[in-house]
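Undergrad: My structure is stored as coords19.csv, with CSV, C-alpha atoms.
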chain,number,residue,atom,x,y,z
L,372,MET,CA,24.1,13.5,-32.3
L,373,VAL,CA,21.5,14.3,-29.6
L,374,ASP,CA,22.5,14.9,-26.0
L,375,TYR,CA,20.3,12.6,-24.0
L,376,THR,CA,20.4,11.5,-20.3
L,377,ILE,CA,20.1,8.0,-19.1
L,378,GLU,CA,17.5,8.0,-16.4
L,379,ASN,CA,17.2,4.3,-15.4
L,380,VAL,CA,18.8,1.0,-16.4
L,381,ILE,CA,16.6,-1.9,-15.4
L,382,VAL,CA,18.4,-5.2,-15.0
L,383,THR,CA,17.4,-8.7,-13.9
L,384,THR,CA,19.2,-11.7,-12.6
L,385,SER,CA,18.4,-14.9,-10.6
L,386,ILE,CA,20.2,-15.3,-7.3
L,387,LYS,CA,18.9,-18.6,-6.1
L,388,ALA,CA,15.7,-20.6,-5.9
L,389,ASP,CA,13.3,-20.9,-3.0
L,390,LEU,CA,14.2,-18.0,-0.8
L,391,ASN,CA,12.7,-17.5,2.7
L,392,LEU,CA,11.6,-13.8,2.2
L,393,LYS,CA,10.2,-13.4,5.7
L,394,ASN,CA,13.5,-14.4,7.3
L,395,ILE,CA,15.5,-12.1,4.9
L,396,ALA,CA,13.2,-9.2,5.7
L,397,SER,CA,13.6,-9.7,9.4
L,398,THR,CA,17.4,-9.9,9.1
L,399,LEU,CA,18.3,-7.1,6.8
L,400,PRO,CA,17.8,-3.3,7.2
L,401,ASN,CA,16.2,-1.2,4.4
L,402,VAL,CA,14.0,-4.0,3.4
L,403,GLU,CA,10.2,-3.7,2.7
L,404,TYR,CA,8.2,-6.9,2.8
L,405,ASN,CA,4.4,-6.8,2.6
L,406,PRO,CA,3.3,-10.0,0.8
L,407,GLU,CA,-0.4,-8.8,0.8
L,408,TYR,CA,0.6,-6.1,-1.7
L,409,PHE,CA,3.6,-7.5,-3.5
L,410,PRO,CA,4.8,-11.1,-3.5
L,411,GLY,CA,8.5,-10.2,-3.1
L,412,LEU,CA,10.6,-7.9,-1.0
L,413,VAL,CA,12.2,-4.6,-1.9
L,414,LEU,CA,15.7,-3.8,-0.8
L,415,LYS,CA,16.7,-0.2,-1.1
L,416,LEU,CA,20.3,1.1,-1.4
L,417,GLU,CA,21.5,4.7,-1.0
L,418,ASP,CA,24.7,4.2,-2.9
L,419,PRO,CA,24.0,3.6,-5.7
L,420,LYS,CA,20.5,4.8,-5.2
L,421,THR,CA,18.5,1.8,-6.4
L,422,ALA,CA,15.7,-0.5,-5.4
L,423,THR,CA,15.9,-4.3,-5.9
L,424,PHE,CA,12.8,-6.5,-6.0
L,425,ILE,CA,13.5,-10.0,-5.0
L,426,LEU,CA,10.9,-12.9,-5.4
L,427,LYS,CA,10.8,-16.2,-3.6
L,428,ASN,CA,12.1,-18.0,-6.7
L,429,GLY,CA,15.2,-15.9,-6.7
L,430,LYS,CA,14.2,-13.7,-9.7
L,431,THR,CA,15.6,-10.3,-9.0
L,432,VAL,CA,14.9,-6.9,-10.7
L,433,CYS,CA,17.0,-3.8,-10.0
L,434,ILE,CA,15.8,-0.4,-10.9
L,435,GLY,CA,17.3,3.1,-10.5
L,436,GLY,CA,20.8,2.6,-11.8
L,437,LYS,CA,22.0,5.4,-14.1
L,438,ASN,CA,24.2,2.9,-16.1
L,439,PHE,CA,25.0,-0.7,-16.2
L,440,LYS,CA,28.0,-0.3,-13.9
L,441,GLU,CA,25.7,1.2,-11.2
L,442,SER,CA,23.1,-1.5,-11.7
L,443,ARG,CA,25.8,-4.2,-11.4
L,444,LEU,CA,27.2,-2.6,-8.3
L,445,ALA,CA,23.8,-2.5,-6.7
L,446,LEU,CA,23.2,-6.2,-7.4
L,447,GLU,CA,26.6,-7.1,-6.1
L,448,THR,CA,25.9,-5.1,-2.9
L,449,VAL,CA,22.5,-6.8,-2.5
L,450,THR,CA,24.0,-10.3,-3.0
L,451,LYS,CA,26.7,-9.5,-0.4
L,452,ASN,CA,24.0,-8.3,2.0
L,453,LEU,CA,22.0,-11.5,1.4
L,454,THR,CA,25.2,-13.6,1.8
L,455,ASP,CA,26.0,-11.8,5.1
L,456,ALA,CA,22.4,-12.7,6.2
L,457,GLY,CA,23.1,-16.4,5.6
L,458,VAL,CA,21.5,-16.8,2.1
L,459,GLU,CA,23.4,-19.0,-0.3
L,460,ILE,CA,23.9,-17.2,-3.6
L,461,LYS,CA,25.0,-18.4,-7.0
L,462,ASP,CA,28.7,-17.8,-7.6
L,463,GLU,CA,28.2,-15.9,-10.9
L,464,LEU,CA,25.3,-13.6,-11.6
L,465,ASP,CA,24.0,-13.5,-15.2
L,466,ILE,CA,22.7,-9.9,-15.4
L,467,ASP,CA,20.5,-9.0,-18.3
L,468,VAL,CA,19.5,-5.4,-19.2
L,469,GLN,CA,15.7,-5.3,-19.7
L,470,ASN,CA,15.1,-1.7,-20.3
L,471,ILE,CA,17.1,1.6,-20.7
L,472,ILE,CA,15.1,4.7,-20.1
L,473,ALA,CA,16.6,7.9,-21.5
L,474,SER,CA,15.3,11.5,-21.8
L,475,LEU,CA,16.2,14.7,-23.6
L,476,ASP,CA,14.9,18.2,-23.9
L,477,LEU,CA,14.6,19.8,-27.3
L,478,ASN,CA,14.3,23.2,-25.5
L,479,THR,CA,11.5,24.2,-27.8
L,480,PRO,CA,7.7,23.6,-27.7
L,481,LEU,CA,6.2,21.3,-30.3
L,482,ASN,CA,2.9,21.0,-32.1
L,483,LEU,CA,2.1,17.3,-31.6
L,484,HIS,CA,-0.6,17.4,-34.2
L,485,GLU,CA,2.0,18.4,-36.8
L,486,VAL,CA,4.4,15.7,-35.6
L,487,GLU,CA,1.7,13.2,-36.0
L,488,GLU,CA,1.0,14.4,-39.6
L,489,VAL,CA,4.7,14.1,-40.5
L,490,PHE,CA,5.3,10.7,-39.0
L,491,ASN,CA,3.7,7.5,-40.1
L,492,ARG,CA,0.3,7.3,-38.4
L,493,GLU,CA,0.7,3.6,-38.0
L,494,GLN,CA,3.7,4.3,-35.8
L,495,THR,CA,2.2,7.1,-33.8
L,496,THR,CA,-0.6,7.5,-31.3
L,497,TYR,CA,-1.8,10.9,-30.2
L,498,LYS,CA,-5.0,11.2,-28.2
L,499,PRO,CA,-4.5,14.3,-26.0
L,500,ASP,CA,-7.7,13.7,-24.2
L,501,GLU,CA,-6.3,10.3,-22.9
L,502,PHE,CA,-2.6,11.1,-22.7
L,503,GLN,CA,-0.8,14.4,-23.1
L,504,GLY,CA,2.1,13.0,-25.1
L,505,LEU,CA,2.5,11.5,-28.5
L,506,VAL,CA,3.6,7.8,-28.6
L,507,TYR,CA,6.0,6.9,-31.4
L,508,ASN,CA,6.8,3.2,-32.0
L,509,THR,CA,10.2,3.1,-33.6
L,510,GLU,CA,11.5,0.8,-36.3
L,511,LEU,CA,13.0,-1.2,-33.4
L,512,ASN,CA,9.7,-2.8,-32.2
L,513,HIS,CA,10.7,-2.9,-28.6
L,514,VAL,CA,11.7,0.8,-28.4
L,515,THR,CA,9.2,3.6,-27.9
L,516,ILE,CA,9.5,7.4,-27.8
L,517,LEU,CA,7.2,9.6,-25.9
L,518,LEU,CA,7.1,13.2,-27.1
L,519,PHE,CA,5.5,16.1,-25.2
L,520,GLU,CA,4.4,19.6,-26.3
L,521,THR,CA,7.1,21.0,-24.0
L,522,GLY,CA,9.8,19.5,-26.3
L,523,LYS,CA,10.7,16.8,-23.7
L,524,ILE,CA,11.3,13.3,-25.0
L,525,VAL,CA,11.4,10.0,-23.2
L,526,CYS,CA,12.8,6.8,-24.8
L,527,TYR,CA,12.1,3.4,-23.3
L,528,GLY,CA,12.4,-0.2,-24.2
L,529,ALA,CA,16.0,-0.3,-25.4
L,530,LYS,CA,18.3,-2.9,-24.2
L,531,LYS,CA,21.5,-1.4,-25.5
L,532,LEU,CA,22.9,2.2,-25.5
L,533,SER,CA,23.4,1.9,-29.2
L,534,GLU,CA,19.7,1.4,-29.7
L,535,VAL,CA,18.9,4.6,-27.6
L,536,LYS,CA,21.4,6.6,-29.7
L,537,LYS,CA,20.1,5.2,-33.0
L,538,VAL,CA,16.4,5.9,-32.4
L,539,LEU,CA,16.9,9.3,-30.8
L,540,ASP,CA,19.3,10.5,-33.4
L,541,LYS,CA,17.0,9.4,-36.2
L,542,PHE,CA,13.9,10.9,-34.6
L,543,VAL,CA,15.4,14.3,-33.8
L,544,ASN,CA,17.1,14.5,-37.2
L,545,ARG,CA,13.7,13.9,-38.8
L,546,LEU,CA,12.1,16.6,-36.7
L,547,HIS,CA,14.9,19.0,-37.9
L,548,ALA,CA,14.6,17.9,-41.6
L,549,VAL,CA,10.8,18.6,-41.8
L,550,GLY,CA,11.2,21.9,-39.9
L,551,LEU,CA,9.4,21.0,-36.7
L,552,ILE,CA,12.4,22.1,-34.6
What would you get if you wrote out this structure as structure tokens?

TA:
Amino acid sequence: MVDYTIENVIVTTSIKADLNLKNIASTLPNVEYNPEYFPGLVLKLEDPKTATFILKNGKTVCIGGKNFKESRLALETVTKNLTDAGVEIKDELDIDVQNIIASLDLNTPLNLHEVEEVFNREQTTYKPDEFQGLVYNTELNHVTILLFETGKIVCYGAKKLSEVKKVLDKFVNRLHAVGLI
């Protein structure tokens, strides 16, 4: 079992339709609203340290949570702030995990050309003149691993912790099995 760190849990929900973003931005602190650059507003929290993007149609994306509990707490805080500002919110939020980003450090440098040779070329992309990492598309089509010469790994696209664990364990075990680490 590899020892990875969850860096970010990105979740979405819908809080209500047809929000008046300009009014919300003028009412709440820690809100950024510049519709010329982004069609929604950004509400930042310090605890948990997250940013929530809110669109006029009520679609909401929360980034920065280190786990589902933090992400949920952030959305609950955001909805409370919106309610306090006079916005009518749905009673129950349906929160969906869209992406879990995890990282780990193998603590050893890697030869990415050798890794590319060992792993199925149809699943890997390594073009060091374009991107310094090797991209590995796992057997779970939506989960991707980025591998760097430093031995650092980033895994993204998983929607469940079990997916993160499965792909990272399998990937690192294969690196061990073929003698690359």

Undergrad: Counting only C-alpha atoms, what is within 8 Å of Ile381 in chain L, bar same-chain residues fewer than 3 positions away, as number ranges by chain?

TA: L: 432-436, 442, 468-471

Undergrad: Counting all atoms listed in the file, I want the residues whose atoms come within 12 Å of (22.7, 5.1, -28.8) in the file frame, returned as a list in words.

TA: Met372, Val373, Asp374, Tyr375, Thr376, Ile377, Ile471, Ile472, Ala473, Val514, Cys526, Ala529, Lys530, Lys531, Leu532, Ser533, Glu534, Val535, Lys536, Lys537, Val538, Leu539, Asp540 and Lys541 of chain L

Undergrad: Quick check, in Å to one decimal: how far apart do CA of Ala422 in chain L and CA of Val380 in chain L lie?

TA: 11.5 Å

Undergrad: Quick one: of L:Gln503, L:Asn401, L:Thr448, L:Asn482, who's nearest to Gly550 in chain L, counting only C-alpha atoms?

TA: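 Of L:Gln503, L:Asn401, L:Thr448, L:Asn482, the one nearest Gly550 in chain L, counting only C-alpha atoms, is L:Asn482.
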
Undergrad: Go ahead and compute the interatomic distance for CA of Ser385 in chain L and CA of Thr431 in chain L, in Å to one decimal.

TA: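 Those two atoms sit 5.6 Å apart.
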
Undergrad: Looking at only C-alpha atoms, which of L:Thr384, L:Glu378, L:Arg492, L:Phe439 is the one that sits closest to Asp467 in chain L?

TA: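 Of all the options, L:Thr384 lies closest to Asp467 in chain L.
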
Undergrad: Which residues are close to range 409-420 of chain L, i.e. within 12 Å by only C-alpha atoms, leaving aside same-chain residues fewer than 6 positions away? Reply as a PyMOL selection string.

TA: chain L and resi 379-380+389-403+426-450+452-453

Undergrad: Would you output that residue set with C-alpha atoms, as a PDB file, in the frame of the given file?

TA:
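Result written to out.pdb:
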ATOM      1  CA  ASN L 379      17.200   4.300 -15.400  1.00  0.00           C
ATOM      2  CA  VAL L 380      18.800   1.000 -16.400  1.00  0.00           C
ATOM      3  CA  ASP L 389      13.300 -20.900  -3.000  1.00  0.00           C
ATOM      4  CA  LEU L 390      14.200 -18.000  -0.800  1.00  0.00           C
ATOM      5  CA  ASN L 391      12.700 -17.500   2.700  1.00  0.00           C
ATOM      6  CA  LEU L 392      11.600 -13.800   2.200  1.00  0.00           C
ATOM      7  CA  LYS L 393      10.200 -13.400   5.700  1.00  0.00           C
ATOM      8  CA  ASN L 394      13.500 -14.400   7.300  1.00  0.00           C
ATOM      9  CA  ILE L 395      15.500 -12.100   4.900  1.00  0.00           C
ATOM     10  CA  ALA L 396      13.200  -9.200   5.700  1.00  0.00           C
ATOM     11  CA  SER L 397      13.600  -9.700   9.400  1.00  0.00           C
ATOM     12  CA  THR L 398      17.400  -9.900   9.100  1.00  0.00           C
ATOM     13  CA  LEU L 399      18.300  -7.100   6.800  1.00  0.00           C
ATOM     14  CA  PRO L 400      17.800  -3.300   7.200  1.00  0.00           C
ATOM     15  CA  ASN L 401      16.200  -1.200   4.400  1.00  0.00           C
ATOM     16  CA  VAL L 402      14.000  -4.000   3.400  1.00  0.00           C
ATOM     17  CA  GLU L 403      10.200  -3.700   2.700  1.00  0.00           C
ATOM     18  CA  LEU L 426      10.900 -12.900  -5.400  1.00  0.00           C
ATOM     19  CA  LYS L 427      10.800 -16.200  -3.600  1.00  0.00           C
ATOM     20  CA  ASN L 428      12.100 -18.000  -6.700  1.00  0.00           C
ATOM     21  CA  GLY L 429      15.200 -15.900  -6.700  1.00  0.00           C
ATOM     22  CA  LYS L 430      14.200 -13.700  -9.700  1.00  0.00           C
ATOM     23  CA  THR L 431      15.600 -10.300  -9.000  1.00  0.00           C
ATOM     24  CA  VAL L 432      14.900  -6.900 -10.700  1.00  0.00           C
ATOM     25  CA  CYS L 433      17.000  -3.800 -10.000  1.00  0.00           C
ATOM     26  CA  ILE L 434      15.800  -0.400 -10.900  1.00  0.00           C
ATOM     27  CA  GLY L 435      17.300   3.100 -10.500  1.00  0.00           C
ATOM     28  CA  GLY L 436      20.800   2.600 -11.800  1.00  0.00           C
ATOM     29  CA  LYS L 437      22.000   5.400 -14.100  1.00  0.00           C
ATOM     30  CA  ASN L 438      24.200   2.900 -16.100  1.00  0.00           C
ATOM     31  CA  PHE L 439      25.000  -0.700 -16.200  1.00  0.00           C
ATOM     32  CA  LYS L 440      28.000  -0.300 -13.900  1.00  0.00           C
ATOM     33  CA  GLU L 441      25.700   1.200 -11.200  1.00  0.00           C
ATOM     34  CA  SER L 442      23.100  -1.500 -11.700  1.00  0.00           C
ATOM     35  CA  ARG L 443      25.800  -4.200 -11.400  1.00  0.00           C
ATOM     36  CA  LEU L 444      27.200  -2.600  -8.300  1.00  0.00           C
ATOM     37  CA  ALA L 445      23.800  -2.500  -6.700  1.00  0.00           C
ATOM     38  CA  LEU L 446      23.200  -6.200  -7.400  1.00  0.00           C
ATOM     39  CA  GLU L 447      26.600  -7.100  -6.100  1.00  0.00           C
ATOM     40  CA  THR L 448      25.900  -5.100  -2.900  1.00  0.00           C
ATOM     41  CA  VAL L 449      22.500  -6.800  -2.500  1.00  0.00           C
ATOM     42  CA  THR L 450      24.000 -10.300  -3.000  1.00  0.00           C
ATOM     43  CA  ASN L 452      24.000  -8.300   2.000  1.00  0.00           C
ATOM     44  CA  LEU L 453      22.000 -11.500   1.400  1.00  0.00           C
TER      45      LEU L 453
END
